[in-house]
>>> print(open('start.cif').read())   # mmCIF, C-alpha atoms and all ligand atoms; chains and numbers go by the auth columns
data_upload
#
loop_
_atom_site.group_PDB
_atom_site.id
_atom_site.type_symbol
_atom_site.label_atom_id
_atom_site.label_comp_id
_atom_site.label_asym_id
_atom_site.label_seq_id
_atom_site.Cartn_x
_atom_site.Cartn_y
_atom_site.Cartn_z
_atom_site.B_iso_or_equiv
_atom_site.auth_seq_id
_atom_site.auth_asym_id
ATOM 1 C CA MET A 1 -18.781 52.500 17.765 0.00 14 Q
ATOM 2 C CA THR A 2 -18.122 48.790 17.582 0.00 15 Q
ATOM 3 C CA ASP A 3 -19.733 46.461 20.121 0.00 16 Q
ATOM 4 C CA PRO A 4 -17.554 45.632 23.163 0.00 17 Q
ATOM 5 C CA SER A 5 -15.903 42.228 22.873 0.00 18 Q
ATOM 6 C CA PRO A 6 -17.923 39.471 24.537 0.00 19 Q
ATOM 7 C CA VAL A 7 -16.397 37.774 27.574 0.00 20 Q
ATOM 8 C CA PHE A 8 -15.615 34.652 25.567 0.00 21 Q
ATOM 9 C CA SER A 9 -13.527 36.444 22.963 0.00 22 Q
ATOM 10 C CA ASP A 10 -10.186 35.722 24.649 0.00 23 Q
ATOM 11 C CA GLN A 11 -11.048 33.023 27.180 0.00 24 Q
ATOM 12 C CA LEU A 12 -11.069 29.376 26.226 0.00 25 Q
ATOM 13 C CA GLU A 13 -13.265 28.258 29.160 0.00 26 Q
ATOM 14 C CA ALA A 14 -15.804 30.991 28.430 0.00 27 Q
ATOM 15 C CA SER A 15 -15.883 30.065 24.744 0.00 28 Q
ATOM 16 C CA LEU A 16 -16.710 26.452 25.593 0.00 29 Q
ATOM 17 C CA ALA A 17 -19.316 27.496 28.160 0.00 30 Q
ATOM 18 C CA HIS A 18 -20.946 29.772 25.588 0.00 31 Q
ATOM 19 C CA ALA A 19 -20.986 26.982 22.986 0.00 32 Q
ATOM 20 C CA PHE A 20 -22.777 24.690 25.456 0.00 33 Q
ATOM 21 C CA GLU A 21 -25.267 27.442 26.410 0.00 34 Q
ATOM 22 C CA ILE A 22 -26.223 28.041 22.771 0.00 35 Q
ATOM 23 C CA LEU A 23 -26.643 24.313 22.118 0.00 36 Q
ATOM 24 C CA VAL A 24 -28.776 23.730 25.223 0.00 37 Q
ATOM 25 C CA SER A 25 -31.160 26.520 24.283 0.00 38 Q
ATOM 26 C CA ALA A 26 -31.163 25.601 20.566 0.00 39 Q
ATOM 27 C CA ALA A 27 -32.549 22.153 21.411 0.00 40 Q
ATOM 28 C CA SER A 28 -35.769 23.645 22.764 0.00 41 Q
ATOM 29 C CA ASP A 29 -36.076 26.669 20.461 0.00 42 Q
ATOM 30 C CA ARG A 30 -37.309 25.780 16.981 0.00 43 Q
ATOM 31 C CA ARG A 31 -36.346 29.280 15.743 0.00 44 Q
ATOM 32 C CA ALA A 32 -32.725 28.985 16.928 0.00 45 Q
ATOM 33 C CA ALA A 33 -30.166 28.771 14.145 0.00 46 Q
ATOM 34 C CA MET A 34 -28.494 25.772 15.790 0.00 47 Q
ATOM 35 C CA HIS A 35 -31.798 23.868 16.036 0.00 48 Q
ATOM 36 C CA THR A 36 -31.109 22.246 12.653 0.00 49 Q
ATOM 37 C CA PRO A 37 -27.481 21.086 12.400 0.00 50 Q
ATOM 38 C CA SER A 38 -25.918 19.270 9.495 0.00 51 Q
ATOM 39 C CA ILE A 39 -24.878 15.712 10.314 0.00 52 Q
ATOM 40 C CA ALA A 40 -22.152 13.922 8.370 0.00 53 Q
ATOM 41 C CA THR A 41 -21.660 10.168 8.177 0.00 54 Q
ATOM 42 C CA ILE A 42 -19.510 7.825 6.145 0.00 55 Q
ATOM 43 C CA GLY A 43 -21.524 6.447 3.221 0.00 56 Q
ATOM 44 C CA LEU A 44 -21.798 2.727 2.584 0.00 57 Q
ATOM 45 C CA ASP A 45 -19.472 3.268 -0.409 0.00 58 Q
ATOM 46 C CA GLY A 46 -17.005 5.269 1.754 0.00 59 Q
ATOM 47 C CA SER A 47 -18.002 8.682 0.397 0.00 60 Q
ATOM 48 C CA PRO A 48 -19.032 11.532 2.747 0.00 61 Q
ATOM 49 C CA ARG A 49 -22.781 12.014 3.299 0.00 62 Q
ATOM 50 C CA SER A 50 -24.460 14.936 5.070 0.00 63 Q
ATOM 51 C CA ARG A 51 -27.989 16.077 5.829 0.00 64 Q
ATOM 52 C CA THR A 52 -29.998 18.412 8.079 0.00 65 Q
ATOM 53 C CA VAL A 53 -31.634 17.055 11.240 0.00 66 Q
ATOM 54 C CA VAL A 54 -33.531 18.556 14.184 0.00 67 Q
ATOM 55 C CA LEU A 55 -31.604 18.902 17.450 0.00 68 Q
ATOM 56 C CA ARG A 56 -33.911 17.289 20.044 0.00 69 Q
ATOM 57 C CA HIS A 57 -31.752 17.405 23.169 0.00 70 Q
ATOM 58 C CA PHE A 58 -28.292 18.579 24.169 0.00 71 Q
ATOM 59 C CA GLY A 59 -26.621 17.301 27.357 0.00 72 Q
ATOM 60 C CA PRO A 60 -23.498 19.242 28.386 0.00 73 Q
ATOM 61 C CA ASP A 61 -22.747 16.838 31.258 0.00 74 Q
ATOM 62 C CA ASP A 62 -22.278 13.726 29.148 0.00 75 Q
ATOM 63 C CA ARG A 63 -21.357 15.715 26.001 0.00 76 Q
ATOM 64 C CA SER A 64 -24.115 14.233 23.936 0.00 77 Q
ATOM 65 C CA PHE A 65 -27.013 15.289 21.803 0.00 78 Q
ATOM 66 C CA ARG A 66 -29.956 13.508 20.258 0.00 79 Q
ATOM 67 C CA PHE A 67 -31.808 13.540 16.983 0.00 80 Q
ATOM 68 C CA HIS A 68 -34.409 11.183 15.534 0.00 81 Q
ATOM 69 C CA THR A 69 -34.502 9.212 12.331 0.00 82 Q
ATOM 70 C CA ASP A 70 -36.164 6.325 10.480 0.00 83 Q
ATOM 71 C CA ILE A 71 -34.427 2.940 10.628 0.00 84 Q
ATOM 72 C CA ARG A 72 -35.121 2.623 6.902 0.00 85 Q
ATOM 73 C CA SER A 73 -32.954 5.689 6.154 0.00 86 Q
ATOM 74 C CA GLU A 74 -29.481 5.532 4.689 0.00 87 Q
ATOM 75 C CA LYS A 75 -27.968 7.350 7.645 0.00 88 Q
ATOM 76 C CA TYR A 76 -29.223 4.612 9.991 0.00 89 Q
ATOM 77 C CA GLN A 77 -27.539 1.914 7.917 0.00 90 Q
ATOM 78 C CA GLU A 78 -24.385 4.014 7.654 0.00 91 Q
ATOM 79 C CA LEU A 79 -24.214 4.538 11.424 0.00 92 Q
ATOM 80 C CA GLN A 80 -24.840 0.846 12.058 0.00 93 Q
ATOM 81 C CA ARG A 81 -21.796 0.059 9.954 0.00 94 Q
ATOM 82 C CA ASP A 82 -19.581 2.900 11.191 0.00 95 Q
ATOM 83 C CA PRO A 83 -20.700 4.975 14.228 0.00 96 Q
ATOM 84 C CA ARG A 84 -18.304 7.836 13.528 0.00 97 Q
ATOM 85 C CA ILE A 85 -20.268 11.046 13.060 0.00 98 Q
ATOM 86 C CA SER A 86 -19.677 14.767 12.687 0.00 99 Q
ATOM 87 C CA ALA A 87 -22.104 17.606 13.340 0.00 100 Q
ATOM 88 C CA LEU A 88 -21.919 21.151 11.978 0.00 101 Q
ATOM 89 C CA PHE A 89 -23.745 24.074 13.582 0.00 102 Q
ATOM 90 C CA TYR A 90 -23.750 27.723 12.513 0.00 103 Q
ATOM 91 C CA ASP A 91 -25.536 30.622 14.193 0.00 104 Q
ATOM 92 C CA VAL A 92 -25.524 33.603 11.847 0.00 105 Q
ATOM 93 C CA GLY A 93 -26.614 36.038 14.617 0.00 106 Q
ATOM 94 C CA GLU A 94 -23.870 34.924 16.993 0.00 107 Q
ATOM 95 C CA LYS A 95 -21.394 34.441 14.104 0.00 108 Q
ATOM 96 C CA ILE A 96 -20.363 31.169 15.707 0.00 109 Q
ATOM 97 C CA GLN A 97 -19.629 27.885 13.953 0.00 110 Q
ATOM 98 C CA LEU A 98 -19.260 24.651 15.945 0.00 111 Q
ATOM 99 C CA ARG A 99 -17.863 21.410 14.550 0.00 112 Q
ATOM 100 C CA LEU A 100 -18.367 18.330 16.712 0.00 113 Q
ATOM 101 C CA ASN A 101 -16.901 14.865 16.207 0.00 114 Q
ATOM 102 C CA GLY A 102 -17.791 11.671 17.993 0.00 115 Q
ATOM 103 C CA GLU A 103 -19.681 8.418 17.802 0.00 116 Q
ATOM 104 C CA ALA A 104 -23.370 7.625 17.578 0.00 117 Q
ATOM 105 C CA THR A 105 -25.428 5.061 19.462 0.00 118 Q
ATOM 106 C CA LEU A 106 -28.704 3.891 17.918 0.00 119 Q
ATOM 107 C CA HIS A 107 -31.759 3.414 20.150 0.00 120 Q
ATOM 108 C CA VAL A 108 -34.750 1.594 18.661 0.00 121 Q
ATOM 109 C CA THR A 109 -36.317 -0.641 21.337 0.00 122 Q
ATOM 110 C CA ASP A 110 -34.883 0.654 24.619 0.00 123 Q
ATOM 111 C CA ARG A 111 -35.989 3.230 27.192 0.00 124 Q
ATOM 112 C CA ILE A 112 -34.217 6.088 25.399 0.00 125 Q
ATOM 113 C CA ALA A 113 -36.240 5.352 22.245 0.00 126 Q
ATOM 114 C CA ASP A 114 -39.505 4.888 24.176 0.00 127 Q
ATOM 115 C CA GLU A 115 -39.097 8.196 26.014 0.00 128 Q
ATOM 116 C CA ALA A 116 -38.190 10.071 22.840 0.00 129 Q
ATOM 117 C CA TRP A 117 -41.184 8.562 21.038 0.00 130 Q
ATOM 118 C CA SER A 118 -43.567 9.456 23.890 0.00 131 Q
ATOM 119 C CA ALA A 119 -42.362 13.064 23.797 0.00 132 Q
ATOM 120 C CA SER A 120 -42.832 13.323 20.010 0.00 133 Q
ATOM 121 C CA GLN A 121 -45.738 15.228 18.535 0.00 134 Q
ATOM 122 C CA ALA A 122 -48.285 13.696 16.158 0.00 135 Q
ATOM 123 C CA MET A 123 -46.772 15.358 13.076 0.00 136 Q
ATOM 124 C CA SER A 124 -43.322 13.972 13.855 0.00 137 Q
ATOM 125 C CA ARG A 125 -44.685 10.492 14.586 0.00 138 Q
ATOM 126 C CA HIS A 126 -46.604 10.371 11.306 0.00 139 Q
ATOM 127 C CA CYS A 127 -43.376 10.582 9.271 0.00 140 Q
ATOM 128 C CA TYR A 128 -42.319 7.167 10.592 0.00 141 Q
ATOM 129 C CA ALA A 129 -45.459 5.553 9.120 0.00 142 Q
ATOM 130 C CA THR A 130 -44.600 6.743 5.595 0.00 143 Q
ATOM 131 C CA GLU A 131 -44.891 4.029 2.954 0.00 144 Q
ATOM 132 C CA PRO A 132 -42.960 2.995 1.005 0.00 145 Q
ATOM 133 C CA ALA A 133 -39.667 3.486 2.874 0.00 146 Q
ATOM 134 C CA PRO A 134 -37.959 6.904 2.756 0.00 147 Q
ATOM 135 C CA GLY A 135 -35.518 6.999 -0.138 0.00 148 Q
ATOM 136 C CA SER A 136 -37.511 4.505 -2.284 0.00 149 Q
ATOM 137 C CA PHE A 137 -37.767 5.305 -5.985 0.00 150 Q
ATOM 138 C CA ILE A 138 -41.340 6.254 -6.983 0.00 151 Q
ATOM 139 C CA LEU A 139 -42.878 7.048 -10.391 0.00 152 Q
ATOM 140 C CA GLU A 140 -44.564 10.320 -9.349 0.00 153 Q
ATOM 141 C CA GLY A 141 -43.498 12.749 -6.618 0.00 154 Q
ATOM 142 C CA ALA A 142 -46.663 12.112 -4.570 0.00 155 Q
ATOM 143 C CA ASP A 143 -46.617 8.285 -4.812 0.00 156 Q
ATOM 144 C CA PHE A 144 -46.376 7.692 -1.063 0.00 157 Q
ATOM 145 C CA THR A 145 -48.718 7.643 1.913 0.00 158 Q
ATOM 146 C CA ILE A 146 -48.362 9.306 5.297 0.00 159 Q
ATOM 147 C CA PRO A 147 -51.005 9.563 8.059 0.00 160 Q
ATOM 148 C CA LYS A 148 -52.527 13.027 8.488 0.00 161 Q
ATOM 149 C CA GLY A 149 -54.118 14.897 11.368 0.00 162 Q
ATOM 150 C CA ARG A 150 -53.315 15.583 14.995 0.00 163 Q
ATOM 151 C CA GLU A 151 -54.040 12.121 16.272 0.00 164 Q
ATOM 152 C CA LEU A 152 -51.178 10.414 18.126 0.00 165 Q
ATOM 153 C CA THR A 153 -50.454 7.015 16.597 0.00 166 Q
ATOM 154 C CA ASP A 154 -47.924 4.239 17.179 0.00 167 Q
ATOM 155 C CA ALA A 155 -48.129 3.032 13.567 0.00 168 Q
ATOM 156 C CA GLY A 156 -44.572 4.135 12.793 0.00 169 Q
ATOM 157 C CA ARG A 157 -43.020 3.279 16.168 0.00 170 Q
ATOM 158 C CA HIS A 158 -41.122 0.244 14.826 0.00 171 Q
ATOM 159 C CA HIS A 159 -39.346 2.522 12.293 0.00 172 Q
ATOM 160 C CA PHE A 160 -38.332 5.113 14.905 0.00 173 Q
ATOM 161 C CA CYS A 161 -34.755 5.528 16.092 0.00 174 Q
ATOM 162 C CA ALA A 162 -33.328 7.992 18.607 0.00 175 Q
ATOM 163 C CA VAL A 163 -29.690 8.673 17.692 0.00 176 Q
ATOM 164 C CA ARG A 164 -27.376 9.884 20.443 0.00 177 Q
ATOM 165 C CA MET A 165 -24.110 11.435 19.442 0.00 178 Q
ATOM 166 C CA HIS A 166 -21.363 11.496 22.065 0.00 179 Q
ATOM 167 C CA PHE A 167 -18.636 13.924 21.102 0.00 180 Q
ATOM 168 C CA ASN A 168 -15.018 14.125 22.226 0.00 181 Q
ATOM 169 C CA ARG A 169 -13.952 16.993 19.989 0.00 182 Q
ATOM 170 C CA LEU A 170 -15.483 20.438 19.566 0.00 183 Q
ATOM 171 C CA GLU A 171 -14.047 23.092 17.320 0.00 184 Q
ATOM 172 C CA TRP A 172 -15.124 26.686 17.915 0.00 185 Q
ATOM 173 C CA LEU A 173 -14.988 29.516 15.370 0.00 186 Q
ATOM 174 C CA TRP A 174 -16.206 33.020 16.224 0.00 187 Q
ATOM 175 C CA LEU A 175 -16.216 35.661 13.488 0.00 188 Q
ATOM 176 C CA GLY A 176 -15.645 38.677 15.743 0.00 189 Q
ATOM 177 C CA SER A 177 -15.659 42.052 14.004 0.00 190 Q
ATOM 178 C CA GLU A 178 -12.294 42.989 15.590 0.00 191 Q
ATOM 179 C CA GLY A 179 -10.735 39.621 14.811 0.00 192 Q
ATOM 180 C CA HIS A 180 -11.791 36.011 14.519 0.00 193 Q
ATOM 181 C CA ARG A 181 -11.151 33.380 17.176 0.00 194 Q
ATOM 182 C CA ARG A 182 -10.773 29.657 16.648 0.00 195 Q
ATOM 183 C CA ALA A 183 -10.236 27.025 19.323 0.00 196 Q
ATOM 184 C CA ILE A 184 -10.191 23.284 19.762 0.00 197 Q
ATOM 185 C CA PHE A 185 -11.526 21.368 22.788 0.00 198 Q
ATOM 186 C CA GLU A 186 -10.744 17.674 23.115 0.00 199 Q
ATOM 187 C CA TRP A 187 -11.715 15.173 25.806 0.00 200 Q
ATOM 188 C CA PRO A 188 -9.220 12.294 25.771 0.00 201 Q
ATOM 189 C CA ALA A 189 -11.246 10.113 28.227 0.00 202 Q
ATOM 190 C CA VAL A 190 -14.884 10.059 29.284 0.00 203 Q
ATOM 191 C CA THR A 191 -14.450 11.810 32.626 0.00 204 Q
ATOM 192 C CA SER A 192 -11.443 13.987 31.904 0.00 205 Q
ATOM 193 C CA ALA A 193 -11.412 17.759 31.652 0.00 206 Q
ATOM 194 C CA PRO A 194 -11.025 19.044 28.104 0.00 207 Q
ATOM 195 C CA GLU A 195 -7.708 19.944 26.555 0.00 208 Q
ATOM 196 C CA MET A 196 -8.162 23.465 25.180 0.00 209 Q
ATOM 197 C CA ARG A 197 -6.046 25.298 22.618 0.00 210 Q
ATOM 198 C CA TRP A 198 -6.367 28.317 20.401 0.00 211 Q
ATOM 199 C CA LEU A 199 -5.899 27.848 16.664 0.00 212 Q
ATOM 200 C CA VAL A 200 -5.199 30.354 13.933 0.00 213 Q
ATOM 201 C CA PRO A 201 -8.639 31.083 12.389 0.00 214 Q
HETATM 202 C C1 LIG B . -35.039 21.455 8.411 0.00 301 D
HETATM 203 C C2 LIG B . -34.891 19.964 8.190 0.00 301 D
HETATM 204 C C3 LIG B . -34.937 19.130 9.286 0.00 301 D
HETATM 205 C C4 LIG B . -34.802 17.753 9.122 0.00 301 D
HETATM 206 N N1 LIG B . -34.815 16.946 10.226 0.00 301 D
HETATM 207 C C5 LIG B . -34.612 15.617 10.083 0.00 301 D
HETATM 208 C C6 LIG B . -34.512 14.778 11.245 0.00 301 D
HETATM 209 O O1 LIG B . -34.579 15.225 12.401 0.00 301 D
HETATM 210 N N2 LIG B . -34.296 13.463 11.042 0.00 301 D
HETATM 211 C C7 LIG B . -34.174 12.916 9.784 0.00 301 D
HETATM 212 O O2 LIG B . -33.985 11.698 9.688 0.00 301 D
HETATM 213 N N3 LIG B . -34.250 13.685 8.681 0.00 301 D
HETATM 214 C C8 LIG B . -34.465 15.024 8.789 0.00 301 D
HETATM 215 N N4 LIG B . -34.515 15.829 7.674 0.00 301 D
HETATM 216 C C9 LIG B . -34.379 15.198 6.338 0.00 301 D
HETATM 217 C C10 LIG B . -32.884 14.879 6.094 0.00 301 D
HETATM 218 O O3 LIG B . -32.182 16.083 5.878 0.00 301 D
HETATM 219 C C11 LIG B . -32.675 13.917 4.906 0.00 301 D
HETATM 220 O O4 LIG B . -33.167 14.486 3.725 0.00 301 D
HETATM 221 C C12 LIG B . -33.339 12.556 5.122 0.00 301 D
HETATM 222 O O5 LIG B . -33.318 12.164 6.490 0.00 301 D
HETATM 223 C C13 LIG B . -32.643 11.465 4.298 0.00 301 D
HETATM 224 O O6 LIG B . -31.297 11.384 4.672 0.00 301 D
HETATM 225 P P1 LIG B . -30.425 10.048 4.508 0.00 301 D
HETATM 226 O O7 LIG B . -30.829 9.458 3.170 0.00 301 D
HETATM 227 O O8 LIG B . -29.013 10.515 4.511 0.00 301 D
HETATM 228 O O9 LIG B . -30.749 9.133 5.633 0.00 301 D
HETATM 229 C C14 LIG B . -34.630 17.207 7.817 0.00 301 D
HETATM 230 C C15 LIG B . -34.541 18.075 6.730 0.00 301 D
HETATM 231 C C16 LIG B . -34.674 19.422 6.917 0.00 301 D
HETATM 232 C C17 LIG B . -34.561 20.322 5.707 0.00 301 D
#
>>> encode(input="start.cif", output="structure tokens", more="lines below")
Ligand SMILES: Cc1cc2nc3c(=O)[nH]c(=O)nc-3n(C[C@H](O)[C@H](O)[C@H](O)COP(=O)(O)O)c2cc1C
Amino acid sequence: MTDPSPVFSDQLEASLAHAFEILVSAASDRRAAMHTPSIATIGLDGSPRSRTVVLRHFGPDDRSFRFHTDIRSEKYQELQRDPRISALFYDVGEKIQLRLNGEATLHVTDRIADEAWSASQAMSRHCYATEPAPGSFILEGADFTIPKGRELTDAGRHHFCAVRMHFNRLEWLWLGSEGHRRAIFEWPAVTSAPEMRWLVP
């Protein structure tokens, strides 16, 4: 017997609601598949660049999510030059892929950054005090320093950036055993309801 089709299988609204539910819970569950999305930016030379980050918060109401990075990283420089960003999530258990597109805002000295820093654990904070800068060439693999231990420190605070991605496009792909479903959700203006359409998977 195959599993009954989930409620979202043939309903656009339910598909979007399910996508938001998974993302909200993935932000607070380090074991969730969607806790570590892949983030793509436009490289300084125009080539595509992608990397894994940790999903720190997802806000369905303002269609945004947050991750943290070091202002010395390439992605920070890339986003400063061109805020366009894409995020890729895949949950192997749910068989759902989500592709989000939008723009990033960078928060280094404001309240958003301060609150994110205050909520960070010692281990996460220590990474921002790494010397030399992430991405520097070094002669041996261990030629860098990073504070150790469980002590909270502000040593790396000036390198810390909270990145908020606001998305206006979400593409849904569900690999259902009785047939796949693909849909696109687009928000043409900040407050508007999404335009929803099915696509051939
Ligand atoms: C599971 C995992 C989680 C990661 N989380 C982050 C993160 O939240 N922020 C970050 O800047 N880098 C994170 N990284 C490292 C990035 O993938 C990347 O290697 C690094 O940030 C340099 O990227 P860039 O040179 O494009 O800036 C993570 C890597 C892995 C494997």
>>> residues_around(input="start.cif", residues="Ala30 of chain Q", least_positions_apart="6", cutoff="12 Å", atoms="only C-alpha atoms", output="mmCIF file with C-alpha atoms, in the coordinates of the input")
data_model
loop_
_atom_site.group_PDB
_atom_site.id
_atom_site.type_symbol
_atom_site.label_atom_id
_atom_site.label_comp_id
_atom_site.auth_asym_id
_atom_site.auth_seq_id
_atom_site.Cartn_x
_atom_site.Cartn_y
_atom_site.Cartn_z
ATOM 1 C CA VAL Q 20 -16.397 37.774 27.574
ATOM 2 C CA PHE Q 21 -15.615 34.652 25.567
ATOM 3 C CA SER Q 22 -13.527 36.444 22.963
ATOM 4 C CA GLN Q 24 -11.048 33.023 27.180
ATOM 5 C CA LEU Q 36 -26.643 24.313 22.118
ATOM 6 C CA VAL Q 37 -28.776 23.730 25.223
ATOM 7 C CA PRO Q 73 -23.498 19.242 28.386
ATOM 8 C CA ASP Q 74 -22.747 16.838 31.258
ATOM 9 C CA LEU Q 183 -15.483 20.438 19.566
ATOM 10 C CA TRP Q 185 -15.124 26.686 17.915
ATOM 11 C CA PHE Q 198 -11.526 21.368 22.788
ATOM 12 C CA PRO Q 207 -11.025 19.044 28.104
#
>>> residues_near_point(input="start.cif", point="(-17.2, 11.3, 3.1)", cutoff="12 Å", atoms="only C-alpha atoms", output="tab-separated table (two decimals) with C-alpha atoms, keeping the file's coordinate frame")
chain	number	residue	atom	x	y	z
Q	52	ILE	CA	-24.88	15.71	10.31
Q	53	ALA	CA	-22.15	13.92	8.37
Q	54	THR	CA	-21.66	10.17	8.18
Q	55	ILE	CA	-19.51	7.82	6.14
Q	56	GLY	CA	-21.52	6.45	3.22
Q	57	LEU	CA	-21.80	2.73	2.58
Q	58	ASP	CA	-19.47	3.27	-0.41
Q	59	GLY	CA	-17.00	5.27	1.75
Q	60	SER	CA	-18.00	8.68	0.40
Q	61	PRO	CA	-19.03	11.53	2.75
Q	62	ARG	CA	-22.78	12.01	3.30
Q	63	SER	CA	-24.46	14.94	5.07
Q	91	GLU	CA	-24.38	4.01	7.65
Q	95	ASP	CA	-19.58	2.90	11.19
Q	97	ARG	CA	-18.30	7.84	13.53
Q	98	ILE	CA	-20.27	11.05	13.06
Q	99	SER	CA	-19.68	14.77	12.69
>>> residues_near_ligand(input="start.cif", ligand="ligand LIG 301 (chain D)", cutoff="8 Å", atoms="all atoms listed in the file", output="list in words")
Thr49, Ser51, Arg62, Ser63, Arg64, Thr65, Val66, Val67, Leu68, Arg69, Phe80, His81, Thr82, Asp83, Arg85, Ser86, Glu87, Lys88, Tyr89, Pro147 and Gly148 of chain Q
>>> write_last_selection(input="start.cif", atoms="C-alpha atoms", output="mmCIF file, keeping the file's coordinate frame")
data_model
loop_
_atom_site.group_PDB
_atom_site.id
_atom_site.type_symbol
_atom_site.label_atom_id
_atom_site.label_comp_id
_atom_site.auth_asym_id
_atom_site.auth_seq_id
_atom_site.Cartn_x
_atom_site.Cartn_y
_atom_site.Cartn_z
ATOM 1 C CA THR Q 49 -31.109 22.246 12.653
ATOM 2 C CA SER Q 51 -25.918 19.270 9.495
ATOM 3 C CA ARG Q 62 -22.781 12.014 3.299
ATOM 4 C CA SER Q 63 -24.460 14.936 5.070
ATOM 5 C CA ARG Q 64 -27.989 16.077 5.829
ATOM 6 C CA THR Q 65 -29.998 18.412 8.079
ATOM 7 C CA VAL Q 66 -31.634 17.055 11.240
ATOM 8 C CA VAL Q 67 -33.531 18.556 14.184
ATOM 9 C CA LEU Q 68 -31.604 18.902 17.450
ATOM 10 C CA ARG Q 69 -33.911 17.289 20.044
ATOM 11 C CA PHE Q 80 -31.808 13.540 16.983
ATOM 12 C CA HIS Q 81 -34.409 11.183 15.534
ATOM 13 C CA THR Q 82 -34.502 9.212 12.331
ATOM 14 C CA ASP Q 83 -36.164 6.325 10.480
ATOM 15 C CA ARG Q 85 -35.121 2.623 6.902
ATOM 16 C CA SER Q 86 -32.954 5.689 6.154
ATOM 17 C CA GLU Q 87 -29.481 5.532 4.689
ATOM 18 C CA LYS Q 88 -27.968 7.350 7.645
ATOM 19 C CA TYR Q 89 -29.223 4.612 9.991
ATOM 20 C CA PRO Q 147 -37.959 6.904 2.756
ATOM 21 C CA GLY Q 148 -35.518 6.999 -0.138
#
>>> residues_around(input="start.cif", residues="Ile159 of chain Q", least_positions_apart="3", cutoff="7 Å", atoms="all atoms listed in the file", output="list of chain:residue names")
Q:His139, Q:Cys140, Q:Ala142, Q:Thr143, Q:Glu144
>>> closest_residue(input="start.cif", among="Q:Arg44, Q:Lys161, Q:Arg79, Q:His179", to="Asp104 of chain Q", atoms="all atoms listed in the file")
Q:Arg44
>>> closest_residue(input="start.cif", among="Q:Gly115, Q:Ala206, Q:Ala27, Q:Leu186", to="Pro96 of chain Q", atoms="all atoms listed in the file")
Q:Gly115
>>> atom_distance(input="start.cif", atom1="atom CA of Leu29 of chain Q", atom2="atom CA of Arg210 of chain Q")
11.1 Å
